[in-house]
>>> print(open('my_file08.txt').read())   # compact mmCIF, C-alpha atoms
# COMPACT_ATOMS: atom_id res chain seq x y z
CA MET A 1 3.16 3.19 -28.14
CA VAL A 2 0.83 1.19 -25.99
CA GLY A 3 3.53 0.03 -23.58
CA ALA A 4 4.99 3.50 -23.10
CA ASN A 5 1.56 5.06 -22.57
CA LEU A 6 0.64 2.43 -20.01
CA LYS A 7 3.91 2.97 -18.18
CA ALA A 8 3.30 6.73 -18.04
CA GLU A 9 -0.23 6.19 -16.77
CA THR A 10 0.99 3.77 -14.09
CA MET A 11 3.69 6.14 -12.87
CA ALA A 12 1.15 8.98 -12.68
CA LEU A 13 -1.18 6.79 -10.62
CA MET A 14 1.69 5.84 -8.31
CA GLU A 15 2.51 9.53 -7.73
CA LYS A 16 -1.14 10.24 -6.96
CA ARG A 17 -1.25 7.30 -4.53
CA VAL A 18 1.86 8.57 -2.72
CA ALA A 19 0.20 11.97 -2.26
CA MET A 20 -2.93 10.28 -0.90
CA GLU A 21 -0.90 8.18 1.53
CA THR A 22 0.85 11.29 2.79
CA GLU A 23 -2.52 12.98 3.40
CA MET A 24 -3.91 9.86 5.11
CA ASN A 25 -0.89 9.65 7.41
CA SER A 26 -1.32 13.33 8.34
CA ILE A 27 -4.99 12.82 9.19
CA VAL A 28 -4.27 9.72 11.25
CA GLY A 29 -1.49 11.56 13.06
CA ARG A 30 -3.83 14.38 14.04
CA LEU A 31 -6.68 12.10 15.10
CA CYS A 32 -4.41 9.79 17.09
CA ASN A 33 -2.46 12.44 18.97
CA PRO A 34 -2.42 11.93 22.77
CA GLY A 35 -5.87 12.82 24.03
CA GLY A 36 -7.29 12.78 20.54
CA PRO A 37 -10.46 10.96 19.48
CA GLY A 38 -8.63 8.34 17.40
CA LEU A 39 -10.04 6.89 14.21
CA SER A 40 -13.28 5.67 15.76
CA GLY A 41 -13.36 6.93 19.37
CA ASN A 42 -16.47 8.40 20.95
CA LEU A 43 -17.24 12.05 20.38
CA VAL A 44 -19.34 12.24 23.55
CA ASP A 45 -18.30 12.03 27.18
CA SER A 46 -19.37 9.47 29.77
CA GLU A 47 -22.59 11.40 30.35
CA GLY A 48 -23.49 11.51 26.68
CA PHE A 49 -22.62 15.16 26.10
CA PRO A 50 -20.39 16.34 23.22
CA ARG A 51 -16.75 16.31 24.23
CA GLU A 52 -15.39 19.78 24.96
CA ASP A 53 -11.73 18.85 24.50
CA ILE A 54 -11.98 18.32 20.73
CA ASP A 55 -13.41 20.17 17.74
CA ILE A 56 -16.15 17.71 16.81
CA PRO A 57 -17.00 19.16 13.35
CA VAL A 58 -13.31 19.03 12.39
CA VAL A 59 -12.95 15.46 13.66
CA ARG A 60 -16.01 14.36 11.70
CA ALA A 61 -14.73 16.10 8.56
CA GLU A 62 -11.31 14.45 8.88
CA ARG A 63 -12.81 11.01 9.47
CA ARG A 64 -15.03 11.48 6.43
CA ARG A 65 -12.06 12.61 4.33
CA LEU A 66 -10.03 9.62 5.53
CA ALA A 67 -12.82 7.25 4.46
CA GLU A 68 -12.94 8.90 1.03
CA LEU A 69 -9.16 8.63 0.64
CA ARG A 70 -9.20 4.95 1.63
CA SER A 71 -11.83 4.18 -0.97
CA GLU A 72 -10.04 6.08 -3.73
CA HIS A 73 -6.70 4.61 -2.64
CA SER A 74 -8.13 1.12 -3.08
CA GLU A 75 -9.41 1.94 -6.56
CA ILE A 76 -6.06 3.37 -7.63
CA THR A 77 -4.21 0.37 -6.20
CA ASP A 78 -6.45 -1.98 -8.19
CA LYS A 79 -5.76 0.02 -11.35
CA ILE A 80 -2.01 0.00 -10.74
CA SER A 81 -2.06 -3.76 -10.15
CA ALA A 82 -4.00 -4.29 -13.39
CA ASN A 83 -1.52 -2.14 -15.33
CA ILE A 84 1.42 -3.99 -13.82
CA GLN A 85 -0.05 -7.31 -14.88
CA ILE A 86 -0.18 -6.00 -18.45
CA LEU A 87 3.34 -4.58 -18.28
CA HIS A 88 4.53 -7.90 -16.90
CA SER A 89 3.71 -9.52 -20.24
CA VAL A 90 5.37 -6.84 -22.35
CA ARG A 91 8.43 -7.90 -24.33
CA PRO A 92 10.76 -5.55 -26.23
CA THR A 93 10.99 -5.74 -29.99
CA SER A 94 14.30 -6.24 -31.77
CA ARG A 95 15.88 -3.35 -33.68
CA ALA A 96 14.80 -4.87 -36.98
CA SER A 97 11.22 -5.58 -35.98
CA SER A 98 10.81 -2.15 -34.39
CA THR A 99 11.94 -0.59 -37.66
CA LYS A 100 9.52 -2.75 -39.63
CA ASP A 101 6.58 -2.25 -37.30
CA SER A 102 6.35 1.32 -36.09
CA GLY A 103 2.57 1.62 -35.91
CA PRO A 104 0.63 2.72 -32.84
CA GLU A 105 0.21 -0.88 -31.70
CA ALA A 106 3.95 -1.69 -31.75
CA SER A 107 5.42 -3.37 -28.70
CA ILE A 108 7.45 -1.40 -26.19
CA SER A 109 11.04 -1.09 -27.44
CA SER A 110 14.24 -2.11 -25.67
CA GLY A 111 15.03 1.53 -24.95
CA GLU A 112 11.61 2.03 -23.41
CA VAL A 113 12.00 -1.09 -21.29
CA THR A 114 15.33 0.28 -20.02
CA SER A 115 13.58 3.55 -19.18
CA LEU A 116 10.82 1.58 -17.48
CA SER A 117 13.44 -0.12 -15.33
CA ALA A 118 14.91 3.18 -14.16
CA SER A 119 11.51 4.74 -13.53
CA MET A 120 9.95 1.83 -11.68
CA GLN A 121 12.85 0.78 -9.45
CA THR A 122 11.58 3.22 -6.82
CA GLY A 123 8.08 1.86 -7.15
CA GLY A 124 8.94 -1.59 -5.92
CA PHE A 125 9.37 -2.90 -9.46
CA SER A 126 12.51 -3.92 -11.30
CA VAL A 127 13.44 -5.02 -14.78
CA THR A 128 16.05 -7.77 -15.20
CA SER A 129 17.87 -8.38 -18.48
CA ARG A 130 18.82 -11.67 -20.10
CA ALA A 131 20.80 -12.24 -23.32
CA MET A 132 17.92 -11.78 -25.76
CA ASP A 133 14.96 -10.94 -23.54
CA VAL A 134 13.74 -8.69 -20.75
CA ASP A 135 11.24 -9.67 -18.08
CA VAL A 136 9.29 -7.16 -16.05
CA VAL A 137 9.46 -8.48 -12.49
CA THR A 138 6.83 -7.12 -10.16
CA CYS A 139 6.15 -6.93 -6.44
CA ILE A 140 2.37 -6.85 -6.30
CA PRO A 141 0.87 -5.95 -2.90
CA PHE A 142 -1.80 -8.28 -1.56
CA ALA A 143 -2.87 -6.26 1.48
CA MET A 144 -2.81 -2.71 2.81
CA VAL A 145 -2.48 -1.39 6.35
CA ASP A 146 -5.71 0.62 6.55
CA GLU A 147 -5.77 1.13 10.32
CA ILE A 148 -3.02 1.21 12.93
CA ASN A 149 -3.17 1.99 16.62
CA GLU A 150 -0.79 4.34 18.36
CA SER A 151 1.81 2.58 20.57
CA SER A 152 0.88 -0.78 19.04
CA PRO A 153 3.56 -3.36 18.16
CA ALA A 154 2.97 -2.64 14.47
CA ALA A 155 3.43 1.13 14.93
CA GLU A 156 6.46 0.78 17.19
CA ASP A 157 8.13 -1.63 14.77
CA GLY A 158 7.71 0.71 11.82
CA LEU A 159 4.50 -0.17 9.96
CA GLN A 160 2.56 2.86 8.72
CA LEU A 161 -0.94 3.55 7.49
CA GLY A 162 -1.14 2.96 3.76
CA ASP A 163 1.75 0.49 3.62
CA GLN A 164 1.23 -1.98 0.77
CA VAL A 165 2.16 -5.45 2.05
CA VAL A 166 4.02 -7.73 -0.37
CA LYS A 167 5.38 -10.14 2.26
CA PHE A 168 4.51 -11.01 5.85
CA GLY A 169 6.66 -13.84 7.12
CA ASN A 170 5.86 -16.84 4.92
CA VAL A 171 2.79 -15.15 3.42
CA GLU A 172 3.43 -13.64 -0.01
CA GLY A 173 0.03 -14.00 -1.68
CA GLY A 174 -2.37 -16.80 -2.52
CA ASP A 175 -5.71 -17.81 -1.05
CA ASN A 176 -7.20 -17.31 2.44
CA LEU A 177 -4.84 -14.41 3.05
CA LEU A 178 -6.51 -12.91 6.13
CA GLN A 179 -6.58 -16.28 7.88
CA ARG A 180 -2.97 -16.96 6.94
CA LEU A 181 -1.84 -13.52 8.11
CA ALA A 182 -3.55 -14.07 11.46
CA ALA A 183 -2.04 -17.56 11.77
CA GLU A 184 1.42 -16.23 10.89
CA ALA A 185 1.18 -13.56 13.59
CA GLN A 186 -0.13 -16.06 16.15
CA SER A 187 2.56 -18.64 15.44
CA SER A 188 5.28 -15.97 15.56
CA GLN A 189 4.27 -14.39 18.87
CA GLY A 190 7.38 -12.93 20.48
CA GLN A 191 9.48 -13.57 17.38
CA ALA A 192 10.54 -11.12 14.68
CA VAL A 193 8.65 -11.49 11.38
CA SER A 194 10.14 -10.26 8.11
CA VAL A 195 7.72 -7.85 6.46
CA GLY A 196 8.08 -6.26 3.03
CA VAL A 197 5.96 -3.26 2.07
CA ILE A 198 5.74 -0.66 -0.66
CA ARG A 199 5.63 2.80 0.92
CA GLN A 200 5.38 6.00 -1.08
CA GLY A 201 6.59 4.19 -4.16
CA ALA A 202 9.63 2.51 -2.57
CA LYS A 203 10.19 -1.03 -1.28
CA VAL A 204 10.77 -1.08 2.48
CA ASP A 205 11.84 -4.13 4.50
CA LEU A 206 10.81 -4.27 8.17
CA SER A 207 11.00 -6.61 11.12
CA VAL A 208 7.77 -6.75 13.14
CA THR A 209 7.32 -8.75 16.36
CA PRO A 210 3.73 -9.82 17.19
CA ARG A 211 3.27 -9.49 20.95
CA ILE A 212 0.77 -8.87 23.70
CA TRP A 213 0.23 -5.18 24.45
CA GLN A 214 -2.43 -3.05 26.09
CA GLY A 215 -4.67 -3.07 23.02
CA ARG A 216 -6.36 -5.75 20.93
CA GLY A 217 -4.54 -8.36 18.91
CA LEU A 218 -0.84 -9.06 18.64
CA LEU A 219 -0.08 -6.30 16.14
CA GLY A 220 -2.58 -3.53 16.76
CA CYS A 221 -3.24 -2.90 13.08
CA HIS A 222 -5.72 -3.97 10.43
CA PHE A 223 -4.95 -5.40 7.00
CA ARG A 224 -7.33 -4.97 4.08
CA LEU A 225 -6.89 -7.15 1.01
CA VAL A 226 -6.21 -5.29 -2.24
>>> encode(input="my_file08.txt", output="structure tokens")
Amino acid sequence: MVGANLKAETMALMEKRVAMETEMNSIVGRLCNPGGPGLSGNLVDSEGFPREDIDIPVVRAERRRLAELRSEHSEITDKISANIQILHSVRPTSRASSTKDSGPEASISSGEVTSLSASMQTGGFSVTSRAMDVDVVTCIPFAMVDEINESSPAAEDGLQLGDQVVKFGNVEGGDNLLQRLAAEAQSSQGQAVSVGVIRQGAKVDLSVTPRIWQGRGLLGCHFRLV
């Protein structure tokens, strides 16, 4: 069935994205270790010579791999979002209609919707039942943490590279998202902001406090729209 196949494809993409996020976090952890070059730090010393305290070819390879993962991660996220939009419109057929129409284009059945609920709960999605209908309720990310600085407010408060943002204070989607995210952080300086993310397939709720620190900005991370 179309619905079941789409669900299976979406779950497979989610598993692949989790593996990619794990790899990205590992790379970031290695690059951002104390004394490390970071995600974009110089590979030469103050005199312009190659740094002797790091393995430059390895650093370049890891930065290149991280860029590749970010690009592929974005593509997968777009595909997952598109699939979820389709699944959102799926309705189960009744027992009678499913018996009458059992062709390859039949709608996803009630049993399959129940299975979808169990499978997608850990992916930030849930299925809620009513008397004669079932709606697929989704949490669709609108931004991703694609860069985060060590010891930044964002890192200390629990945000991680690859987190899919579904809520940041009063921002939960819409237009002018980057401007609204910046305004939300600015207006909430020194105050805890409720943040909801999807991390490795599970919904995680955090409290992040924008504040002045030794680095740039009030959070020390970068959001990319998805």
>>> atom_distance(input="my_file08.txt", atom1="CA of Gln214 (chain A)", atom2="CA of Ser40 (chain A)")
17.3 Å
>>> residues_around(input="my_file08.txt", residues="region 190-200 of chain A", least_positions_apart="2", cutoff="7 Å", atoms="all atoms listed in the file", output="list in words")
Val18, Gly124, Asp163, Gln164, Val165, Val166, Lys167, Phe168, Gly169, Ser188, Ala202, Lys203, Val204, Asp205, Leu206, Ser207, Val208, Thr209, Pro210 and Arg211 of chain A
>>> write_last_selection(input="my_file08.txt", atoms="C-alpha atoms", output="PDB file, in the coordinates of the input")
ATOM      1  CA  VAL A  18       1.860   8.570  -2.720  1.00  0.00           C
ATOM      2  CA  GLY A 124       8.940  -1.590  -5.920  1.00  0.00           C
ATOM      3  CA  ASP A 163       1.750   0.490   3.620  1.00  0.00           C
ATOM      4  CA  GLN A 164       1.230  -1.980   0.770  1.00  0.00           C
ATOM      5  CA  VAL A 165       2.160  -5.450   2.050  1.00  0.00           C
ATOM      6  CA  VAL A 166       4.020  -7.730  -0.370  1.00  0.00           C
ATOM      7  CA  LYS A 167       5.380 -10.140   2.260  1.00  0.00           C
ATOM      8  CA  PHE A 168       4.510 -11.010   5.850  1.00  0.00           C
ATOM      9  CA  GLY A 169       6.660 -13.840   7.120  1.00  0.00           C
ATOM     10  CA  SER A 188       5.280 -15.970  15.560  1.00  0.00           C
ATOM     11  CA  ALA A 202       9.630   2.510  -2.570  1.00  0.00           C
ATOM     12  CA  LYS A 203      10.190  -1.030  -1.280  1.00  0.00           C
ATOM     13  CA  VAL A 204      10.770  -1.080   2.480  1.00  0.00           C
ATOM     14  CA  ASP A 205      11.840  -4.130   4.500  1.00  0.00           C
ATOM     15  CA  LEU A 206      10.810  -4.270   8.170  1.00  0.00           C
ATOM     16  CA  SER A 207      11.000  -6.610  11.120  1.00  0.00           C
ATOM     17  CA  VAL A 208       7.770  -6.750  13.140  1.00  0.00           C
ATOM     18  CA  THR A 209       7.320  -8.750  16.360  1.00  0.00           C
ATOM     19  CA  PRO A 210       3.730  -9.820  17.190  1.00  0.00           C
ATOM     20  CA  ARG A 211       3.270  -9.490  20.950  1.00  0.00           C
TER      21      ARG A 211
END
>>> residues_around(input="my_file08.txt", residues="Ile76 (chain A)", least_positions_apart="3", cutoff="9 Å", atoms="all atoms listed in the file", output="PyMOL selection string")
chain A and resi 13-14+16-17+71-73+79-81
>>> atom_distance(input="my_file08.txt", atom1="CA of Gly220 (chain A)", atom2="CA of Val44 (chain A)")
24.0 Å
>>> residues_around(input="my_file08.txt", residues="His222 (chain A)", least_positions_apart="4", cutoff="9 Å", atoms="only C-alpha atoms", output="PyMOL selection string")
chain A and resi 144-149
>>> atom_distance(input="my_file08.txt", atom1="CA of Gly158 (chain A)", atom2="CA of Arg216 (chain A)")
18.0 Å
>>> closest_residue(input="my_file08.txt", among="A:Ile84, A:Leu69, A:Leu39, A:Leu219", to="Glu184 (chain A)", atoms="all atoms listed in the file")
A:Leu219
>>> residues_around(input="my_file08.txt", residues="Asp55 (chain A)", least_positions_apart="3", cutoff="12 Å", atoms="all atoms listed in the file", output="list of chain:residue names")
A:Arg30, A:Leu31, A:Gly36, A:Pro37, A:Leu43, A:Val44, A:Pro50, A:Arg51, A:Glu52, A:Val58, A:Val59, A:Arg60, A:Ala61, A:Glu62
>>> closest_residue(input="my_file08.txt", among="A:Ile56, A:Leu218, A:Ala154, A:Leu6", to="His88 (chain A)", atoms="only C-alpha atoms")
A:Leu6
